[in-house]
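Have a look at the structure below before the remarks.
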Amino acid sequence: MAILINEEKKLFTLNTKNTTYQMKVIDYGYLAHLYYGKKMDGDMSYVITHYDRGFSGNPYEAQEHREFSLDNIPLEYSCYGNGDFRTPAFNIKDIEGIHGCDLRYVSYEVMDSKYSLKGLPAAYTNDGEKGETLKIVLQDPQVGVEVDLLYGIIEDKDLITRSAIIRNISDADIFVAKASSVSLDFVTGDYDLIHFHGRHAMERMYEREAINHGVKKIGSTRGTSSHQHSPFVVIAGKDANEDAGDCYGISLLYSGSFNCEVEKDQTDQVRLNMGVQDEMFEYVLYPESEFVAPEVVMVYSPDGFADMSHKMHDVVRYNICRGEYKTKRRPILINSWEAVYFDFNGDDIVNIAKQASELGVEMLVLDDGWFGVRNDDKSGLGDWFVNEDKMGGPMADVVKRVKDLGMKFGIWIEPEMVSEKSNLFKEHPDYAFVIPGRKPVMGRSQLNLDFSRKEVVNCIFDQMTAVLDKIDVDYIKMDMNRSILNVYSMTEGIQNNGTILYKYVLGVYDFMERLQARYPKMFIEGCSGGGGRFDAGMMYYTPQIWCSDDTDAICRLDIQYGTSFGYPISVVGSHVSAVPNHQTGRTTPFNTRAVVAMAGSFGYELDLNKVSDEEKEEVKAQVENYKKYWDLLHNGLYYRLTDADKSKGVAAWSFVARDKSETLVNIVTVESFCNAPVPFVRVKGLDVDATYVDEETGAEYSGQGLDQIGLPVPLKFGEYNAYQIHLVRK
Ligand code: GLA
């Protein structure tokens, strides 16, 4: 049993293979958090200390016991209004506008499997895996609210998940003003927060900072998880690094606006809350209705970031991603976007496919521009019928010609949008988010469709399936190209941003669930202007996401470095594109672009007419190389071998077989110097007692030497050289 309950002490212990999480019902029925860390057996109740601290509130029942205050006690699900003045996990407003409540323990229930959440993504168990659930019910009968705290455990994965279901048990409406999915209190220690900020075409930049007094908040109010912040964070001990130290990886399975805050309080305790956006959020709960907070998945490692990432990668890859291509090698693709943008016809597409197929590429992806009137990004969204004039006939003909070349076929869609210049907007202006009487704020000349409304989702679904039903489609790239604003739903009821945006996300999830059910063998790659909706929630529906609109290999080093902390290689869509790069103007060697793109799900995105014969030969070799190493890349363990600052002028990473029998070391030089010192890259995760042989040169290396000193990086003339070194155990 992973869940241990001491009825007498009201002590709840969750055990995974290597970690323990503990909580307890304390005086007056409050649920305190005691411990999350290395596996242990014991009662951690002693971590709760009581001192009278001025201006900290006391529960009424405590009377003269002023040393009892929730302001100082580590809690499982803190709420505003009962004496805890730290940032609350939960807040309620009643019909009179009074904020706050006082949640107390009511009961618990243990279930023999991992829970799932209706309409929302959640980690699941695979055959042969054991999952368990603990539900703890808290209640405030005066306000009339009940909260089910859900704890899921997948023991072998060291995974603990959390979610909360909020229920109105009164006979009046109440408003959920904040409902975090997780709240995690740390009584001791100094911690750092590692988070991943960014912008369009430069997502998930690593940043590490001390958790200082006050509240640090990251998140999104854009309706998507966003390019600007990732809903994955690490709480790290001060001395934690790649190889050692305490760290907690915490990932929110939600693709909409979110909130993550960490606070160091007056007595130096630390709290983390994470969940749906709370700004402008007032979710109305009618009597007996419920609000489901999205799931958070958490792993802890005492052994540093590499081990933490390995655990998180396995959870995402095996317990969150789904579908036919969950663990299968995905076809090596060529995407039409950076090759031809909007400027193509059916013959051009077939021609791209023909050239690519001769080089071993396996799938053609027809990107934006095939539907409605869409020759630039100013019109056509919402009109999901094939532009047969442009394509030179029915889409089925183009698909057949591509398939006759032995290639698979994929197509781009952007279901959540409408252009003002479209038939859909003319016929159903109310389907778009526009506030009556106000001019909408535009983004990429388009408006968001109101996916919180079933009829809007149905309208787009029906249009798209009418196209897809007629063709044999293997893949879809599902895009989303603006932040959400002008939020107003032409439906009855509450209109605040948070409520509608939450329902919007459920609408998007429903759309993808139905699409996947209709075409079970097809696989969907997510995209939002690259990685603007790159989150573990989306990965439940799309096991691969276009990582960034920036295909520059050197920028990708940073983007993929940051991404790798919380997300596995298999979900990272990564392509070789042309030089000078279309986003940065930088020129990098062809080989470097391929080495970088191989740290992901590999493909091409360039005009093969402009590629030299020599480079075409390189493409053939790269394709073979990717196929050769794919198993190691996607099923092996990923190690970051250099830090974010690339202090030695190189970026390096490796893939190591789980039995340590081989590794593929990847190195890119990012700075060139004359007469430079030789940088050494330490190679991690190998058998230190073994000898490894470089498959290409036959050179032999001691495992210990590779671990302690590392591999010397060749000093080669020129910029941005890349090396792939395959070492095999002798
Ligand atoms: C977004 C995507 C690109 C491409 C364009 C098409 O920017 O990230 O890859 O699909 O849209 O309009």
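Each chain in the structure tokens gets a letter, A, B, ..., in the order shown, and its residues are numbered from 1; ligands are numbered from 1 in order too.
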
Please give the complete set of residues from range 339-481 of chain A that DSSP, run on the backbone, assigns to alpha helix (DSSP H), formatted as number ranges by chain. A: 339-340, 346-358, 388-391, 395-404, 423-427, 454-468

Compile the contact shell of range 667-675 of chain A as a ChimeraX atom specification: residues with an atom at most 9 Å away, counting only C-alpha atoms, same-chain residues fewer than 6 positions apart removed. /A:554,557,592,595-596,646,648-654,681,713,715,717-725

Compile the contact shell of Asn497 in chain A as a PDB file with all heavy atoms, in the first residue's frame: residues with an atom at most 6 Å away, counting only C-alpha atoms, same-chain residues fewer than 3 positions apart removed.
```
ATOM      1  N   MET A 280      -9.033  38.179 -12.049  1.00  0.00           N
ATOM      2  CA  MET A 280     -10.286  38.280 -12.809  1.00  0.00           C
ATOM      3  C   MET A 280     -11.049  36.959 -12.825  1.00  0.00           C
ATOM      4  O   MET A 280     -11.755  36.643 -13.769  1.00  0.00           O
ATOM      5  CB  MET A 280     -10.015  38.724 -14.251  1.00  0.00           C
ATOM      6  CG  MET A 280      -9.356  40.066 -14.347  1.00  0.00           C
ATOM      7  SD  MET A 280      -8.726  40.415 -15.987  1.00  0.00           S
ATOM      8  CE  MET A 280      -7.196  39.508 -16.011  1.00  0.00           C
ATOM      9  N   VAL A 487     -12.837  39.132 -23.908  1.00  0.00           N
ATOM     10  CA  VAL A 487     -13.589  37.955 -23.467  1.00  0.00           C
ATOM     11  C   VAL A 487     -15.034  38.319 -23.135  1.00  0.00           C
ATOM     12  O   VAL A 487     -15.297  39.092 -22.212  1.00  0.00           O
ATOM     13  CB  VAL A 487     -12.891  37.317 -22.244  1.00  0.00           C
ATOM     14  CG1 VAL A 487     -13.693  36.134 -21.737  1.00  0.00           C
ATOM     15  CG2 VAL A 487     -11.491  36.884 -22.633  1.00  0.00           C
ATOM     16  N   ILE A 500     -14.922  32.162 -18.113  1.00  0.00           N
ATOM     17  CA  ILE A 500     -15.078  31.824 -19.532  1.00  0.00           C
ATOM     18  C   ILE A 500     -13.800  31.179 -20.060  1.00  0.00           C
ATOM     19  O   ILE A 500     -13.854  30.213 -20.822  1.00  0.00           O
ATOM     20  CB  ILE A 500     -15.459  33.080 -20.343  1.00  0.00           C
ATOM     21  CG1 ILE A 500     -16.841  33.527 -19.888  1.00  0.00           C
ATOM     22  CG2 ILE A 500     -15.463  32.785 -21.841  1.00  0.00           C
ATOM     23  CD1 ILE A 500     -17.267  34.850 -20.423  1.00  0.00           C
ATOM     24  N   LEU A 501     -12.664  31.701 -19.625  1.00  0.00           N
ATOM     25  CA  LEU A 501     -11.408  31.121 -20.124  1.00  0.00           C
ATOM     26  C   LEU A 501     -11.203  29.695 -19.618  1.00  0.00           C
ATOM     27  O   LEU A 501     -10.620  28.859 -20.309  1.00  0.00           O
ATOM     28  CB  LEU A 501     -10.225  32.014 -19.749  1.00  0.00           C
ATOM     29  CG  LEU A 501     -10.195  33.354 -20.495  1.00  0.00           C
ATOM     30  CD1 LEU A 501      -8.988  34.179 -20.090  1.00  0.00           C
ATOM     31  CD2 LEU A 501     -10.199  33.147 -22.003  1.00  0.00           C
TER      32      LEU A 501
END
```

If you take only C-alpha atoms and all ligand atoms and a cut-off of 6 Å, which residues of chain A touch ligand 1, and what are their nearest atom pairs and distances in Å to one decimal, in chain and number order, as a Markdown table?
```
| residue | atom | partner | partner_atom_place_in_ligand_line | distance |
| --- | --- | --- | --- | --- |
| A:Trp337 | CA | ligand 1 | 4 (C) | 5.9 |
| A:Asp367 | CA | ligand 1 | 10 (O) | 5.6 |
| A:Asp368 | CA | ligand 1 | 6 (C) | 4.8 |
| A:Cys527 | CA | ligand 1 | 8 (O) | 5.9 |
| A:Ser528 | CA | ligand 1 | 8 (O) | 5.7 |
| A:Gly529 | CA | ligand 1 | 8 (O) | 3.4 |
| A:Gly530 | CA | ligand 1 | 8 (O) | 3.9 |
| A:Asp549 | CA | ligand 1 | 8 (O) | 5.1 |
```

Resulting file, chosen residues, N, CA and C atoms, as a PDB file, in the first residue's frame:
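Result file selection13.pdb:
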```
ATOM      1  N   TRP A 337       5.844  25.217 -44.258  1.00  0.00           N
ATOM      2  CA  TRP A 337       5.761  26.624 -43.846  1.00  0.00           C
ATOM      3  C   TRP A 337       6.990  27.434 -44.258  1.00  0.00           C
ATOM      4  N   ASP A 367       1.190  23.053 -44.347  1.00  0.00           N
ATOM      5  CA  ASP A 367       0.934  24.036 -43.288  1.00  0.00           C
ATOM      6  C   ASP A 367      -0.163  25.010 -43.727  1.00  0.00           C
ATOM      7  N   ASP A 368      -0.173  26.156 -43.148  1.00  0.00           N
ATOM      8  CA  ASP A 368      -1.215  27.174 -43.339  1.00  0.00           C
ATOM      9  C   ASP A 368      -1.436  27.512 -44.821  1.00  0.00           C
ATOM     10  N   CYS A 527       0.641  23.307 -31.200  1.00  0.00           N
ATOM     11  CA  CYS A 527       1.413  24.474 -31.595  1.00  0.00           C
ATOM     12  C   CYS A 527       0.640  25.710 -31.166  1.00  0.00           C
ATOM     13  N   SER A 528       1.348  26.712 -30.748  1.00  0.00           N
ATOM     14  CA  SER A 528       0.705  28.005 -30.544  1.00  0.00           C
ATOM     15  C   SER A 528       1.778  29.038 -30.843  1.00  0.00           C
ATOM     16  N   GLY A 529       1.879  29.407 -32.121  1.00  0.00           N
ATOM     17  CA  GLY A 529       2.986  30.262 -32.536  1.00  0.00           C
ATOM     18  C   GLY A 529       4.285  29.648 -32.027  1.00  0.00           C
ATOM     19  N   GLY A 530       4.472  28.359 -32.296  1.00  0.00           N
ATOM     20  CA  GLY A 530       5.579  27.607 -31.692  1.00  0.00           C
ATOM     21  C   GLY A 530       5.140  27.126 -30.324  1.00  0.00           C
ATOM     22  N   ASP A 549       8.739  28.881 -32.758  1.00  0.00           N
ATOM     23  CA  ASP A 549       8.799  29.389 -34.131  1.00  0.00           C
ATOM     24  C   ASP A 549      10.217  29.788 -34.497  1.00  0.00           C
TER      25      ASP A 549
END
```

Given only C-alpha atoms, how would the per-residue table for range 221-306 of chain A near range 152-155 of chain A read, listing every residue at most 12 Å away with its closest atom pair and distance in Å to one decimal, sorted by chain and number, as a tab-separated table?
```
residue	atom	partner	partner_atom	distance
A:Glu295	CA	A:Gly152	CA	9.6
A:Val296	CA	A:Gly152	CA	9.8
A:Val297	CA	A:Gly152	CA	8.9
A:Met298	CA	A:Ile153	CA	9.9
A:Val299	CA	A:Ile154	CA	10.6
```

Filtering to N, CA, C and O atoms, could you give me those residues as a PDB file, in the first residue's frame?
```pdb
ATOM      1  N   GLU A 295      -5.087  19.182 -12.623  1.00  0.00           N
ATOM      2  CA  GLU A 295      -4.112  18.387 -11.863  1.00  0.00           C
ATOM      3  C   GLU A 295      -2.712  19.009 -11.887  1.00  0.00           C
ATOM      4  O   GLU A 295      -2.306  19.620 -12.877  1.00  0.00           O
ATOM      5  N   VAL A 296      -2.009  18.801 -10.788  1.00  0.00           N
ATOM      6  CA  VAL A 296      -0.583  19.108 -10.737  1.00  0.00           C
ATOM      7  C   VAL A 296       0.162  17.798 -10.520  1.00  0.00           C
ATOM      8  O   VAL A 296      -0.262  16.967  -9.711  1.00  0.00           O
ATOM      9  N   VAL A 297       1.249  17.585 -11.263  1.00  0.00           N
ATOM     10  CA  VAL A 297       2.071  16.390 -11.024  1.00  0.00           C
ATOM     11  C   VAL A 297       3.382  16.835 -10.395  1.00  0.00           C
ATOM     12  O   VAL A 297       3.944  17.858 -10.764  1.00  0.00           O
ATOM     13  N   MET A 298       3.855  16.037  -9.419  1.00  0.00           N
ATOM     14  CA  MET A 298       5.053  16.446  -8.672  1.00  0.00           C
ATOM     15  C   MET A 298       6.007  15.261  -8.522  1.00  0.00           C
ATOM     16  O   MET A 298       5.576  14.139  -8.245  1.00  0.00           O
ATOM     17  N   VAL A 299       7.286  15.551  -8.705  1.00  0.00           N
ATOM     18  CA  VAL A 299       8.312  14.555  -8.375  1.00  0.00           C
ATOM     19  C   VAL A 299       9.363  15.247  -7.504  1.00  0.00           C
ATOM     20  O   VAL A 299       9.604  16.441  -7.645  1.00  0.00           O
TER      21      VAL A 299
END
```

Within 6 Å of range 190-204 of chain A, counting only C-alpha atoms, which residues show up once you throw out same-chain ones fewer than 3 positions away? Write them as a PyMOL selection string, please. chain A and resi 207-211+227-230+233-238+548-550+559+562-563

So that I can see what lies close to Glu61 in chain A, please list as a PyMOL selection string the residues with an atom at most 12 Å from it, counting only C-alpha atoms and leaving out residues fewer than 6 positions away in the same chain. chain A and resi 27-29+68-69+82

Show me, as a list in words, the residues that have an atom within 10 Å of Asn168 in chain A when counting only C-alpha atoms, minus same-chain residues fewer than 3 positions from it. Pro141, Val143, Gly144, Val145, Glu146, Val147, Asp171, Ala172, Asp173, Ile174, Phe175, Val176, Val284, Leu285, Tyr286, Pro287, Glu288, Ser289, Glu290 and Phe291 of chain A

Residue list (strand (DSSP E or B), DSSP) for range 56-297 of chain A, as an MDAnalysis selection string: chainID A and resid 75 79 90:93 99 104:111 117 120 131:140 145:154 159:168 174:186 191:199 202:210 213:220 229 232:237 245 247:252 258:264 270:276 283:285 290:297

Write out as a PyMOL selection string each polymer residue whose atoms come within 7 Å of Glu420 in chain A, counting only C-alpha atoms; drop sequence neighbours fewer than 2 positions from it. chain A and resi 379+418+422+425+446

Minimum-distance residue to Leu485 in chain A, chosen among A:Pro520, A:Pro580, A:Gly406, A:Gly223 (using only C-alpha atoms): A:Gly223

Would you mind reading off the distance between CA of Glu455 in chain A and CA of Met490 in chain A, one decimal, in Å?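 It comes out at 11.2 Å.
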
For a test of reading the model, state the distance in Å between CA of Val467 in chain A and CA of Ala356 in chain A, rounded to one decimal.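 Distance between the two atoms: 25.0 Å.
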
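Between CA of Thr267 in chain A and CA of Glu64 in chain A the separation is 22.0 Å.
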